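Source file: start_8.cif. Holds: mmCIF, N, CA, C and O atoms.
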```
data_start
#
loop_
_atom_site.group_PDB
_atom_site.id
_atom_site.type_symbol
_atom_site.label_atom_id
_atom_site.label_comp_id
_atom_site.auth_asym_id
_atom_site.auth_seq_id
_atom_site.Cartn_x
_atom_site.Cartn_y
_atom_site.Cartn_z
ATOM 1 N N MET O 1 -9.865 0.063 -15.994
ATOM 2 C CA MET O 1 -8.482 0.425 -15.703
ATOM 3 C C MET O 1 -8.161 1.772 -16.338
ATOM 4 O O MET O 1 -8.587 2.082 -17.442
ATOM 5 N N ALA O 2 -7.409 2.562 -15.662
ATOM 6 C CA ALA O 2 -7.096 3.909 -16.129
ATOM 7 C C ALA O 2 -6.117 3.879 -17.293
ATOM 8 O O ALA O 2 -5.297 2.993 -17.424
ATOM 9 N N ASP O 3 -6.213 4.880 -18.101
ATOM 10 C CA ASP O 3 -5.293 5.073 -19.208
ATOM 11 C C ASP O 3 -3.934 5.483 -18.650
ATOM 12 O O ASP O 3 -3.861 6.181 -17.663
ATOM 13 N N ASP O 4 -2.851 5.066 -19.279
ATOM 14 C CA ASP O 4 -1.511 5.370 -18.781
ATOM 15 C C ASP O 4 -1.022 6.771 -19.151
ATOM 16 O O ASP O 4 0.104 7.119 -18.867
ATOM 17 N N VAL O 5 -1.867 7.556 -19.803
ATOM 18 C CA VAL O 5 -1.477 8.899 -20.191
ATOM 19 C C VAL O 5 -2.028 9.902 -19.170
ATOM 20 O O VAL O 5 -3.059 9.691 -18.579
ATOM 21 N N GLY O 6 -1.296 10.991 -18.981
ATOM 22 C CA GLY O 6 -1.784 12.021 -18.076
ATOM 23 C C GLY O 6 -1.094 11.973 -16.731
ATOM 24 O O GLY O 6 -0.105 11.290 -16.536
ATOM 25 N N GLY O 7 -1.657 12.729 -15.809
ATOM 26 C CA GLY O 7 -1.073 12.857 -14.482
ATOM 27 C C GLY O 7 -1.389 11.685 -13.573
ATOM 28 O O GLY O 7 -1.939 10.675 -13.993
ATOM 29 N N PRO O 8 -1.051 11.855 -12.317
ATOM 30 C CA PRO O 8 -1.260 10.779 -11.346
ATOM 31 C C PRO O 8 -2.751 10.532 -11.095
ATOM 32 O O PRO O 8 -3.591 11.398 -11.318
ATOM 33 N N GLU O 9 -3.060 9.334 -10.664
ATOM 34 C CA GLU O 9 -4.421 8.952 -10.295
ATOM 35 C C GLU O 9 -4.423 8.744 -8.785
ATOM 36 O O GLU O 9 -4.149 7.656 -8.290
ATOM 37 N N MET O 10 -4.696 9.817 -8.058
ATOM 38 C CA MET O 10 -4.619 9.779 -6.599
ATOM 39 C C MET O 10 -5.828 9.068 -6.004
ATOM 40 O O MET O 10 -6.961 9.318 -6.416
ATOM 41 N N VAL O 11 -5.538 8.140 -5.075
ATOM 42 C CA VAL O 11 -6.598 7.408 -4.382
ATOM 43 C C VAL O 11 -6.297 7.419 -2.886
ATOM 44 O O VAL O 11 -5.141 7.429 -2.464
ATOM 45 N N SER O 12 -7.363 7.412 -2.095
ATOM 46 C CA SER O 12 -7.204 7.337 -0.638
ATOM 47 C C SER O 12 -6.708 5.946 -0.262
ATOM 48 O O SER O 12 -6.794 4.995 -1.057
ATOM 49 N N PHE O 13 -6.219 5.802 0.962
ATOM 50 C CA PHE O 13 -5.764 4.490 1.425
ATOM 51 C C PHE O 13 -6.914 3.497 1.423
ATOM 52 O O PHE O 13 -6.739 2.323 1.107
ATOM 53 N N ARG O 14 -8.121 3.952 1.781
ATOM 54 C CA ARG O 14 -9.296 3.066 1.780
ATOM 55 C C ARG O 14 -9.601 2.578 0.367
ATOM 56 O O ARG O 14 -9.841 1.390 0.139
ATOM 57 N N GLU O 15 -9.582 3.493 -0.614
ATOM 58 C CA GLU O 15 -9.831 3.125 -2.009
ATOM 59 C C GLU O 15 -8.700 2.247 -2.545
ATOM 60 O O GLU O 15 -8.945 1.311 -3.303
ATOM 61 N N LEU O 16 -7.489 2.542 -2.163
ATOM 62 C CA LEU O 16 -6.350 1.729 -2.585
ATOM 63 C C LEU O 16 -6.525 0.288 -2.125
ATOM 64 O O LEU O 16 -6.368 -0.649 -2.912
ATOM 65 N N ALA O 17 -6.855 0.095 -0.855
ATOM 66 C CA ALA O 17 -7.057 -1.257 -0.320
ATOM 67 C C ALA O 17 -8.175 -1.964 -1.082
ATOM 68 O O ALA O 17 -8.038 -3.134 -1.460
ATOM 69 N N ARG O 18 -9.276 -1.257 -1.346
ATOM 70 C CA ARG O 18 -10.395 -1.854 -2.071
ATOM 71 C C ARG O 18 -9.985 -2.284 -3.482
ATOM 72 O O ARG O 18 -10.266 -3.399 -3.913
ATOM 73 N N ARG O 19 -9.270 -1.412 -4.195
ATOM 74 C CA ARG O 19 -8.847 -1.731 -5.566
ATOM 75 C C ARG O 19 -7.845 -2.876 -5.621
ATOM 76 O O ARG O 19 -7.902 -3.708 -6.529
ATOM 77 N N LEU O 20 -6.919 -2.895 -4.676
ATOM 78 C CA LEU O 20 -5.923 -3.970 -4.671
ATOM 79 C C LEU O 20 -6.586 -5.337 -4.566
ATOM 80 O O LEU O 20 -6.192 -6.283 -5.253
ATOM 81 N N VAL O 21 -7.611 -5.434 -3.732
ATOM 82 C CA VAL O 21 -8.341 -6.699 -3.579
ATOM 83 C C VAL O 21 -9.211 -6.964 -4.806
ATOM 84 O O VAL O 21 -9.217 -8.070 -5.347
ATOM 85 N N ALA O 22 -9.936 -5.945 -5.276
ATOM 86 C CA ALA O 22 -10.835 -6.099 -6.426
ATOM 87 C C ALA O 22 -10.089 -6.549 -7.681
ATOM 88 O O ALA O 22 -10.613 -7.337 -8.468
ATOM 89 N N GLU O 23 -8.862 -6.064 -7.859
ATOM 90 C CA GLU O 23 -8.080 -6.428 -9.049
ATOM 91 C C GLU O 23 -7.216 -7.669 -8.839
ATOM 92 O O GLU O 23 -6.460 -8.057 -9.715
ATOM 93 N N GLY O 24 -7.291 -8.262 -7.653
ATOM 94 C CA GLY O 24 -6.553 -9.493 -7.401
ATOM 95 C C GLY O 24 -5.064 -9.302 -7.183
ATOM 96 O O GLY O 24 -4.301 -10.255 -7.269
ATOM 97 N N VAL O 25 -4.645 -8.076 -6.903
ATOM 98 C CA VAL O 25 -3.224 -7.825 -6.644
ATOM 99 C C VAL O 25 -2.825 -8.465 -5.326
ATOM 100 O O VAL O 25 -1.751 -9.047 -5.197
ATOM 101 N N VAL O 26 -3.706 -8.359 -4.328
ATOM 102 C CA VAL O 26 -3.510 -9.025 -3.029
ATOM 103 C C VAL O 26 -4.818 -9.717 -2.658
ATOM 104 O O VAL O 26 -5.898 -9.329 -3.114
ATOM 105 N N ALA O 27 -4.729 -10.750 -1.819
ATOM 106 C CA ALA O 27 -5.929 -11.479 -1.406
ATOM 107 C C ALA O 27 -6.789 -10.632 -0.469
ATOM 108 O O ALA O 27 -8.010 -10.607 -0.575
ATOM 109 N N SER O 28 -6.139 -9.940 0.442
ATOM 110 C CA SER O 28 -6.856 -9.049 1.354
ATOM 111 C C SER O 28 -5.876 -8.054 1.953
ATOM 112 O O SER O 28 -4.696 -8.356 2.123
ATOM 113 N N ILE O 29 -6.393 -6.860 2.239
ATOM 114 C CA ILE O 29 -5.599 -5.825 2.899
ATOM 115 C C ILE O 29 -6.565 -4.753 3.402
ATOM 116 O O ILE O 29 -7.582 -4.482 2.765
ATOM 117 N N SER O 30 -6.255 -4.200 4.546
ATOM 118 C CA SER O 30 -7.085 -3.141 5.111
ATOM 119 C C SER O 30 -6.419 -1.786 4.869
ATOM 120 O O SER O 30 -5.214 -1.711 4.625
ATOM 121 N N HIS O 31 -7.216 -0.727 4.960
ATOM 122 C CA HIS O 31 -6.622 0.603 4.808
ATOM 123 C C HIS O 31 -5.690 0.902 5.979
ATOM 124 O O HIS O 31 -4.727 1.646 5.834
ATOM 125 N N GLN O 32 -5.919 0.252 7.126
ATOM 126 C CA GLN O 32 -5.008 0.425 8.269
ATOM 127 C C GLN O 32 -3.633 -0.156 7.952
ATOM 128 O O GLN O 32 -2.607 0.424 8.302
ATOM 129 N N ARG O 33 -3.619 -1.303 7.268
ATOM 130 C CA ARG O 33 -2.348 -1.927 6.893
ATOM 131 C C ARG O 33 -1.624 -1.061 5.857
ATOM 132 O O ARG O 33 -0.402 -0.907 5.911
ATOM 133 N N VAL O 34 -2.372 -0.498 4.924
ATOM 134 C CA VAL O 34 -1.779 0.405 3.937
ATOM 135 C C VAL O 34 -1.123 1.576 4.655
ATOM 136 O O VAL O 34 0.016 1.953 4.358
ATOM 137 N N SER O 35 -1.828 2.132 5.640
ATOM 138 C CA SER O 35 -1.295 3.251 6.415
ATOM 139 C C SER O 35 -0.017 2.859 7.150
ATOM 140 O O SER O 35 0.963 3.606 7.164
ATOM 141 N N GLN O 36 -0.008 1.678 7.740
ATOM 142 C CA GLN O 36 1.172 1.195 8.458
ATOM 143 C C GLN O 36 2.358 1.055 7.505
ATOM 144 O O GLN O 36 3.475 1.468 7.822
ATOM 145 N N LEU O 37 2.123 0.477 6.341
ATOM 146 C CA LEU O 37 3.207 0.328 5.362
ATOM 147 C C LEU O 37 3.729 1.688 4.916
ATOM 148 O O LEU O 37 4.932 1.859 4.722
ATOM 149 N N SER O 38 2.833 2.657 4.770
ATOM 150 C CA SER O 38 3.268 3.993 4.341
ATOM 151 C C SER O 38 4.199 4.627 5.363
ATOM 152 O O SER O 38 5.091 5.400 5.011
ATOM 153 N N ARG O 39 4.001 4.304 6.632
ATOM 154 C CA ARG O 39 4.858 4.841 7.696
ATOM 155 C C ARG O 39 6.156 4.057 7.841
ATOM 156 O O ARG O 39 7.203 4.636 8.105
ATOM 157 N N ASP O 40 6.088 2.737 7.676
ATOM 158 C CA ASP O 40 7.224 1.870 8.025
ATOM 159 C C ASP O 40 8.127 1.470 6.867
ATOM 160 O O ASP O 40 9.279 1.125 7.096
ATOM 161 N N ASP O 41 7.612 1.461 5.644
ATOM 162 C CA ASP O 41 8.397 0.974 4.506
ATOM 163 C C ASP O 41 8.946 2.144 3.699
ATOM 164 O O ASP O 41 8.187 2.893 3.078
ATOM 165 N N PRO O 42 10.268 2.303 3.680
ATOM 166 C CA PRO O 42 10.860 3.419 2.925
ATOM 167 C C PRO O 42 10.628 3.316 1.415
ATOM 168 O O PRO O 42 10.760 4.308 0.709
ATOM 169 N N ASP O 43 10.272 2.130 0.912
ATOM 170 C CA ASP O 43 10.016 1.956 -0.520
ATOM 171 C C ASP O 43 8.575 2.279 -0.914
ATOM 172 O O ASP O 43 8.231 2.225 -2.093
ATOM 173 N N PHE O 44 7.729 2.602 0.080
ATOM 174 C CA PHE O 44 6.332 2.906 -0.215
ATOM 175 C C PHE O 44 6.267 4.141 -1.102
ATOM 176 O O PHE O 44 7.026 5.090 -0.910
ATOM 177 N N PRO O 45 5.350 4.146 -2.074
ATOM 178 C CA PRO O 45 5.237 5.326 -2.964
ATOM 179 C C PRO O 45 4.930 6.609 -2.172
ATOM 180 O O PRO O 45 4.381 6.541 -1.072
ATOM 181 N N PRO O 46 5.256 7.761 -2.734
ATOM 182 C CA PRO O 46 5.029 9.034 -2.045
ATOM 183 C C PRO O 46 3.561 9.235 -1.665
ATOM 184 O O PRO O 46 2.660 8.932 -2.440
ATOM 185 N N VAL O 47 3.357 9.741 -0.460
ATOM 186 C CA VAL O 47 2.019 9.974 0.088
ATOM 187 C C VAL O 47 1.747 11.481 0.107
ATOM 188 O O VAL O 47 2.631 12.267 0.427
ATOM 189 N N VAL O 48 0.517 11.847 -0.237
ATOM 190 C CA VAL O 48 0.098 13.247 -0.262
ATOM 191 C C VAL O 48 -1.066 13.416 0.715
ATOM 192 O O VAL O 48 -1.980 12.588 0.737
ATOM 193 N N GLN O 49 -1.001 14.452 1.511
ATOM 194 C CA GLN O 49 -2.099 14.769 2.432
ATOM 195 C C GLN O 49 -3.169 15.536 1.651
ATOM 196 O O GLN O 49 -2.870 16.544 1.015
ATOM 197 N N VAL O 50 -4.407 15.055 1.690
ATOM 198 C CA VAL O 50 -5.529 15.718 1.028
ATOM 199 C C VAL O 50 -6.590 15.947 2.092
ATOM 200 O O VAL O 50 -7.308 15.014 2.457
ATOM 201 N N GLY O 51 -6.632 17.155 2.629
ATOM 202 C CA GLY O 51 -7.513 17.416 3.766
ATOM 203 C C GLY O 51 -7.028 16.603 4.954
ATOM 204 O O GLY O 51 -5.863 16.655 5.316
ATOM 205 N N ARG O 52 -7.916 15.814 5.525
ATOM 206 C CA ARG O 52 -7.533 14.946 6.643
ATOM 207 C C ARG O 52 -7.108 13.552 6.190
ATOM 208 O O ARG O 52 -6.654 12.752 6.991
ATOM 209 N N ALA O 53 -7.297 13.269 4.902
ATOM 210 C CA ALA O 53 -6.974 11.941 4.361
ATOM 211 C C ALA O 53 -5.593 11.944 3.715
ATOM 212 O O ALA O 53 -5.050 12.985 3.362
ATOM 213 N N LYS O 54 -5.053 10.758 3.551
ATOM 214 C CA LYS O 54 -3.796 10.588 2.831
ATOM 215 C C LYS O 54 -4.099 9.855 1.536
ATOM 216 O O LYS O 54 -4.979 8.999 1.481
ATOM 217 N N ALA O 55 -3.361 10.216 0.491
ATOM 218 C CA ALA O 55 -3.587 9.629 -0.822
ATOM 219 C C ALA O 55 -2.257 9.240 -1.449
ATOM 220 O O ALA O 55 -1.201 9.756 -1.079
ATOM 221 N N VAL O 56 -2.343 8.321 -2.389
ATOM 222 C CA VAL O 56 -1.164 7.840 -3.100
ATOM 223 C C VAL O 56 -1.553 7.643 -4.565
ATOM 224 O O VAL O 56 -2.721 7.428 -4.885
ATOM 225 N N ASP O 57 -0.582 7.749 -5.450
ATOM 226 C CA ASP O 57 -0.831 7.556 -6.876
ATOM 227 C C ASP O 57 -1.039 6.068 -7.149
ATOM 228 O O ASP O 57 -0.153 5.249 -6.890
ATOM 229 N N TRP O 58 -2.210 5.721 -7.669
ATOM 230 C CA TRP O 58 -2.536 4.322 -7.971
ATOM 231 C C TRP O 58 -1.502 3.714 -8.908
ATOM 232 O O TRP O 58 -1.126 2.563 -8.767
ATOM 233 N N ARG O 59 -1.008 4.496 -9.859
ATOM 234 C CA ARG O 59 -0.043 3.974 -10.843
ATOM 235 C C ARG O 59 1.295 3.603 -10.211
ATOM 236 O O ARG O 59 2.037 2.803 -10.753
ATOM 237 N N ALA O 60 1.623 4.192 -9.069
ATOM 238 C CA ALA O 60 2.854 3.827 -8.353
ATOM 239 C C ALA O 60 2.571 2.757 -7.307
ATOM 240 O O ALA O 60 3.408 1.891 -7.047
ATOM 241 N N ALA O 61 1.385 2.810 -6.713
ATOM 242 C CA ALA O 61 1.060 1.877 -5.626
ATOM 243 C C ALA O 61 0.797 0.463 -6.137
ATOM 244 O O ALA O 61 1.206 -0.509 -5.501
ATOM 245 N N ARG O 62 0.112 0.325 -7.271
ATOM 246 C CA ARG O 62 -0.206 -1.014 -7.769
ATOM 247 C C ARG O 62 1.053 -1.848 -7.997
ATOM 248 O O ARG O 62 1.143 -2.971 -7.519
ATOM 249 N N PRO O 63 2.057 -1.336 -8.724
ATOM 250 C CA PRO O 63 3.274 -2.132 -8.918
ATOM 251 C C PRO O 63 4.004 -2.409 -7.600
ATOM 252 O O PRO O 63 4.592 -3.476 -7.422
ATOM 253 N N TYR O 64 3.972 -1.466 -6.666
ATOM 254 C CA TYR O 64 4.603 -1.670 -5.358
ATOM 255 C C TYR O 64 3.997 -2.898 -4.678
ATOM 256 O O TYR O 64 4.718 -3.775 -4.196
ATOM 257 N N PHE O 65 2.677 -2.964 -4.643
ATOM 258 C CA PHE O 65 2.016 -4.093 -3.982
ATOM 259 C C PHE O 65 2.141 -5.377 -4.789
ATOM 260 O O PHE O 65 2.201 -6.462 -4.217
ATOM 261 N N ALA O 66 2.188 -5.273 -6.113
ATOM 262 C CA ALA O 66 2.310 -6.465 -6.956
ATOM 263 C C ALA O 66 3.645 -7.172 -6.733
ATOM 264 O O ALA O 66 3.709 -8.408 -6.743
ATOM 265 N N LYS O 67 4.714 -6.414 -6.493
ATOM 266 C CA LYS O 67 6.025 -7.038 -6.312
ATOM 267 C C LYS O 67 6.369 -7.299 -4.849
ATOM 268 O O LYS O 67 7.320 -8.010 -4.554
ATOM 269 N N ARG O 68 5.562 -6.742 -3.942
ATOM 270 C CA ARG O 68 5.850 -6.872 -2.507
ATOM 271 C C ARG O 68 5.567 -8.283 -2.014
ATOM 272 O O ARG O 68 4.530 -8.851 -2.290
ATOM 273 N N ARG O 69 6.508 -8.836 -1.265
ATOM 274 C CA ARG O 69 6.333 -10.167 -0.688
ATOM 275 C C ARG O 69 5.611 -10.020 0.645
ATOM 276 O O ARG O 69 6.050 -9.292 1.526
ATOM 277 N N SER O 70 4.485 -10.703 0.769
ATOM 278 C CA SER O 70 3.712 -10.661 2.012
ATOM 279 C C SER O 70 4.448 -11.429 3.099
ATOM 280 O O SER O 70 4.968 -12.516 2.864
ATOM 281 N N ARG O 71 4.491 -10.852 4.300
ATOM 282 C CA ARG O 71 5.137 -11.523 5.432
ATOM 283 C C ARG O 71 4.115 -11.714 6.545
ATOM 284 O O ARG O 71 4.416 -11.552 7.719
ATOM 285 N N GLN O 72 2.904 -12.054 6.160
ATOM 286 C CA GLN O 72 1.814 -12.201 7.113
ATOM 287 C C GLN O 72 2.183 -13.210 8.197
ATOM 288 O O GLN O 72 2.608 -14.319 7.922
ATOM 289 N N GLY O 73 2.051 -12.785 9.443
ATOM 290 C CA GLY O 73 2.319 -13.667 10.572
ATOM 291 C C GLY O 73 3.778 -13.743 10.973
ATOM 292 O O GLY O 73 4.121 -14.376 11.958
ATOM 293 N N GLU O 74 4.669 -13.107 10.217
ATOM 294 C CA GLU O 74 6.098 -13.154 10.542
ATOM 295 C C GLU O 74 6.380 -12.304 11.775
ATOM 296 O O GLU O 74 5.891 -11.196 11.905
ATOM 297 N N ARG O 75 7.189 -12.827 12.683
ATOM 298 C CA ARG O 75 7.528 -12.114 13.920
ATOM 299 C C ARG O 75 8.645 -11.125 13.643
ATOM 300 O O ARG O 75 9.821 -11.443 13.790
ATOM 301 N N THR O 76 8.280 -9.923 13.263
ATOM 302 C CA THR O 76 9.283 -8.905 12.956
ATOM 303 C C THR O 76 9.948 -8.367 14.234
ATOM 304 O O THR O 76 11.033 -7.802 14.161
ATOM 305 N N ASP O 77 9.319 -8.561 15.392
ATOM 306 C CA ASP O 77 9.914 -8.089 16.639
ATOM 307 C C ASP O 77 11.138 -8.895 17.030
ATOM 308 O O ASP O 77 11.948 -8.467 17.836
ATOM 309 N N LEU O 78 11.311 -10.081 16.437
ATOM 310 C CA LEU O 78 12.448 -10.926 16.756
ATOM 311 C C LEU O 78 13.595 -10.768 15.752
ATOM 312 O O LEU O 78 14.663 -11.332 15.948
ATOM 313 N N LYS O 79 13.371 -10.011 14.689
ATOM 314 C CA LYS O 79 14.384 -9.859 13.639
ATOM 315 C C LYS O 79 15.721 -9.342 14.168
ATOM 316 O O LYS O 79 16.765 -9.782 13.749
ATOM 317 N N SER O 80 15.706 -8.408 15.098
ATOM 318 C CA SER O 80 16.949 -7.827 15.590
ATOM 319 C C SER O 80 17.743 -8.812 16.443
ATOM 320 O O SER O 80 18.916 -8.611 16.698
ATOM 321 N N LEU O 81 17.109 -9.884 16.880
ATOM 322 C CA LEU O 81 17.790 -10.877 17.705
ATOM 323 C C LEU O 81 18.557 -11.905 16.883
ATOM 324 O O LEU O 81 19.366 -12.641 17.421
ATOM 325 N N GLU O 82 18.273 -11.974 15.602
ATOM 326 C CA GLU O 82 18.936 -12.981 14.760
ATOM 327 C C GLU O 82 20.329 -12.575 14.368
ATOM 328 O O GLU O 82 20.724 -11.481 14.323
#
```

Would you write out, as structure tokens, the structure that this file holds?
Amino acid sequence: MADDVGGPEMVSFRELARRLVAEGVVASISHQRVSQLSRDDPDFPPVVQVGRAKAVDWRAARPYFAKRRSRQGERTDLKSLE
């Protein structure tokens, strides 16, 4: 685990997904899902473009995913009808 001193610890979406599972923060997640959340969730930590890849600070992303409630299988397309 990284030391809490110093600057941000930038990781790609692929590395972020791998670490989240490896550390038990989430049971499973793909880098595609991380990308989708970065586009759709206004609370997602700031994203930085690095070449063709996108990166996020691990120190901001880990707590975001730790407190996020999974809505796997929830029909979000019907939310506006309620």

Quick one: residues within 8 Å of stretch 38-52 of chain O, only C-alpha atoms, excluding same-chain residues fewer than 6 positions away - as a PDB file with N, CA, C and O atoms, keeping the file's coordinate frame?
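Output saved as around.pdb:
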```pdb
ATOM      1  N   ALA O  60       1.623   4.192  -9.069  1.00  0.00           N
ATOM      2  CA  ALA O  60       2.854   3.827  -8.353  1.00  0.00           C
ATOM      3  C   ALA O  60       2.571   2.757  -7.307  1.00  0.00           C
ATOM      4  O   ALA O  60       3.408   1.891  -7.047  1.00  0.00           O
ATOM      5  N   ALA O  61       1.385   2.810  -6.713  1.00  0.00           N
ATOM      6  CA  ALA O  61       1.060   1.877  -5.626  1.00  0.00           C
ATOM      7  C   ALA O  61       0.797   0.463  -6.137  1.00  0.00           C
ATOM      8  O   ALA O  61       1.206  -0.509  -5.501  1.00  0.00           O
ATOM      9  N   TYR O  64       3.972  -1.466  -6.666  1.00  0.00           N
ATOM     10  CA  TYR O  64       4.603  -1.670  -5.358  1.00  0.00           C
ATOM     11  C   TYR O  64       3.997  -2.898  -4.678  1.00  0.00           C
ATOM     12  O   TYR O  64       4.718  -3.775  -4.196  1.00  0.00           O
TER      13      TYR O  64
END
```

List, as number ranges by chain, every residue that the PyMOL selection byres ((chain O and resi 58) around 7) selects in the file provided.
O: 8-11, 56-57, 59-64

Name the residues that the PyMOL selection byres (((chain O and resi 26-34 and name CA) around 9) and name CA) picks from the file above, as JSON, numbers by chain, using the file's chain letters and numbers.
{"O": [12, 13, 14, 15, 16, 17, 18, 20, 21, 22, 23, 24, 25, 35, 36, 37, 38, 39, 65, 66, 70]}

Around all the atoms of stretch 31-42 of chain O listed in the file, draw an axis-aligned box and extend it by 3 Å on each of the six sides; I want its centre and edge lengths in Å to one decimal, as AutoDock Vina command-line options.
```
--center_x 1.8 --center_y 1.7 --center_z 4.6 --size_x 24.1 --size_y 13.3 --size_z 13.7
```

Enter the distance from atom O of O:Lys67 to atom CA of O:Ala55, in Å, rounded to one decimal.
21.1 Å

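Between atom O of O:Lys54 and atom CA of O:Arg19 there is a distance of 13.4 Å.
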
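The spacing separating atom C of O:Val5 from atom O of O:Arg68 amounts to 26.1 Å.
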
Stretch 35-51 of chain O dumped to file, N, CA, C and O atoms, as a PDB file, in the first residue's frame:
```pdb
ATOM      1  N   SER O  35     -14.732   3.060 -16.623  1.00  0.00           N
ATOM      2  CA  SER O  35     -14.869   4.111 -17.631  1.00  0.00           C
ATOM      3  C   SER O  35     -16.297   4.647 -17.683  1.00  0.00           C
ATOM      4  O   SER O  35     -16.519   5.857 -17.749  1.00  0.00           O
ATOM      5  N   GLN O  36     -17.270   3.756 -17.624  1.00  0.00           N
ATOM      6  CA  GLN O  36     -18.675   4.163 -17.648  1.00  0.00           C
ATOM      7  C   GLN O  36     -19.001   5.033 -16.435  1.00  0.00           C
ATOM      8  O   GLN O  36     -19.658   6.068 -16.560  1.00  0.00           O
ATOM      9  N   LEU O  37     -18.548   4.621 -15.266  1.00  0.00           N
ATOM     10  CA  LEU O  37     -18.799   5.416 -14.058  1.00  0.00           C
ATOM     11  C   LEU O  37     -18.144   6.787 -14.161  1.00  0.00           C
ATOM     12  O   LEU O  37     -18.717   7.785 -13.722  1.00  0.00           O
ATOM     13  N   SER O  38     -16.959   6.843 -14.756  1.00  0.00           N
ATOM     14  CA  SER O  38     -16.271   8.134 -14.889  1.00  0.00           C
ATOM     15  C   SER O  38     -17.063   9.098 -15.759  1.00  0.00           C
ATOM     16  O   SER O  38     -17.019  10.312 -15.559  1.00  0.00           O
ATOM     17  N   ARG O  39     -17.792   8.564 -16.727  1.00  0.00           N
ATOM     18  CA  ARG O  39     -18.615   9.402 -17.610  1.00  0.00           C
ATOM     19  C   ARG O  39     -19.956   9.760 -16.980  1.00  0.00           C
ATOM     20  O   ARG O  39     -20.447  10.868 -17.159  1.00  0.00           O
ATOM     21  N   ASP O  40     -20.552   8.819 -16.250  1.00  0.00           N
ATOM     22  CA  ASP O  40     -21.943   8.977 -15.802  1.00  0.00           C
ATOM     23  C   ASP O  40     -22.123   9.493 -14.381  1.00  0.00           C
ATOM     24  O   ASP O  40     -23.172  10.040 -14.069  1.00  0.00           O
ATOM     25  N   ASP O  41     -21.144   9.285 -13.509  1.00  0.00           N
ATOM     26  CA  ASP O  41     -21.307   9.656 -12.101  1.00  0.00           C
ATOM     27  C   ASP O  41     -20.581  10.962 -11.807  1.00  0.00           C
ATOM     28  O   ASP O  41     -19.349  11.026 -11.862  1.00  0.00           O
ATOM     29  N   PRO O  42     -21.329  12.012 -11.472  1.00  0.00           N
ATOM     30  CA  PRO O  42     -20.687  13.305 -11.185  1.00  0.00           C
ATOM     31  C   PRO O  42     -19.789  13.270  -9.946  1.00  0.00           C
ATOM     32  O   PRO O  42     -18.948  14.145  -9.778  1.00  0.00           O
ATOM     33  N   ASP O  43     -19.946  12.263  -9.081  1.00  0.00           N
ATOM     34  CA  ASP O  43     -19.112  12.151  -7.882  1.00  0.00           C
ATOM     35  C   ASP O  43     -17.801  11.407  -8.131  1.00  0.00           C
ATOM     36  O   ASP O  43     -16.980  11.282  -7.224  1.00  0.00           O
ATOM     37  N   PHE O  44     -17.614  10.898  -9.362  1.00  0.00           N
ATOM     38  CA  PHE O  44     -16.394  10.158  -9.672  1.00  0.00           C
ATOM     39  C   PHE O  44     -15.196  11.086  -9.525  1.00  0.00           C
ATOM     40  O   PHE O  44     -15.261  12.256  -9.900  1.00  0.00           O
ATOM     41  N   PRO O  45     -14.087  10.569  -8.989  1.00  0.00           N
ATOM     42  CA  PRO O  45     -12.887  11.425  -8.827  1.00  0.00           C
ATOM     43  C   PRO O  45     -12.406  11.991 -10.174  1.00  0.00           C
ATOM     44  O   PRO O  45     -12.681  11.408 -11.224  1.00  0.00           O
ATOM     45  N   PRO O  46     -11.679  13.094 -10.144  1.00  0.00           N
ATOM     46  CA  PRO O  46     -11.200  13.724 -11.377  1.00  0.00           C
ATOM     47  C   PRO O  46     -10.353  12.773 -12.223  1.00  0.00           C
ATOM     48  O   PRO O  46      -9.529  12.027 -11.704  1.00  0.00           O
ATOM     49  N   VAL O  47     -10.587  12.819 -13.525  1.00  0.00           N
ATOM     50  CA  VAL O  47      -9.896  11.958 -14.488  1.00  0.00           C
ATOM     51  C   VAL O  47      -8.901  12.807 -15.284  1.00  0.00           C
ATOM     52  O   VAL O  47      -9.204  13.936 -15.652  1.00  0.00           O
ATOM     53  N   VAL O  48      -7.727  12.235 -15.532  1.00  0.00           N
ATOM     54  CA  VAL O  48      -6.674  12.911 -16.286  1.00  0.00           C
ATOM     55  C   VAL O  48      -6.358  12.073 -17.525  1.00  0.00           C
ATOM     56  O   VAL O  48      -6.242  10.849 -17.431  1.00  0.00           O
ATOM     57  N   GLN O  49      -6.254  12.731 -18.651  1.00  0.00           N
ATOM     58  CA  GLN O  49      -5.869  12.051 -19.893  1.00  0.00           C
ATOM     59  C   GLN O  49      -4.344  11.927 -19.915  1.00  0.00           C
ATOM     60  O   GLN O  49      -3.638  12.922 -19.763  1.00  0.00           O
ATOM     61  N   VAL O  50      -3.838  10.712 -20.092  1.00  0.00           N
ATOM     62  CA  VAL O  50      -2.400  10.464 -20.181  1.00  0.00           C
ATOM     63  C   VAL O  50      -2.163   9.729 -21.491  1.00  0.00           C
ATOM     64  O   VAL O  50      -2.414   8.525 -21.576  1.00  0.00           O
ATOM     65  N   GLY O  51      -1.758  10.465 -22.512  1.00  0.00           N
ATOM     66  CA  GLY O  51      -1.658   9.870 -23.844  1.00  0.00           C
ATOM     67  C   GLY O  51      -3.052   9.493 -24.313  1.00  0.00           C
ATOM     68  O   GLY O  51      -3.963  10.305 -24.294  1.00  0.00           O
TER      69      GLY O  51
END
```
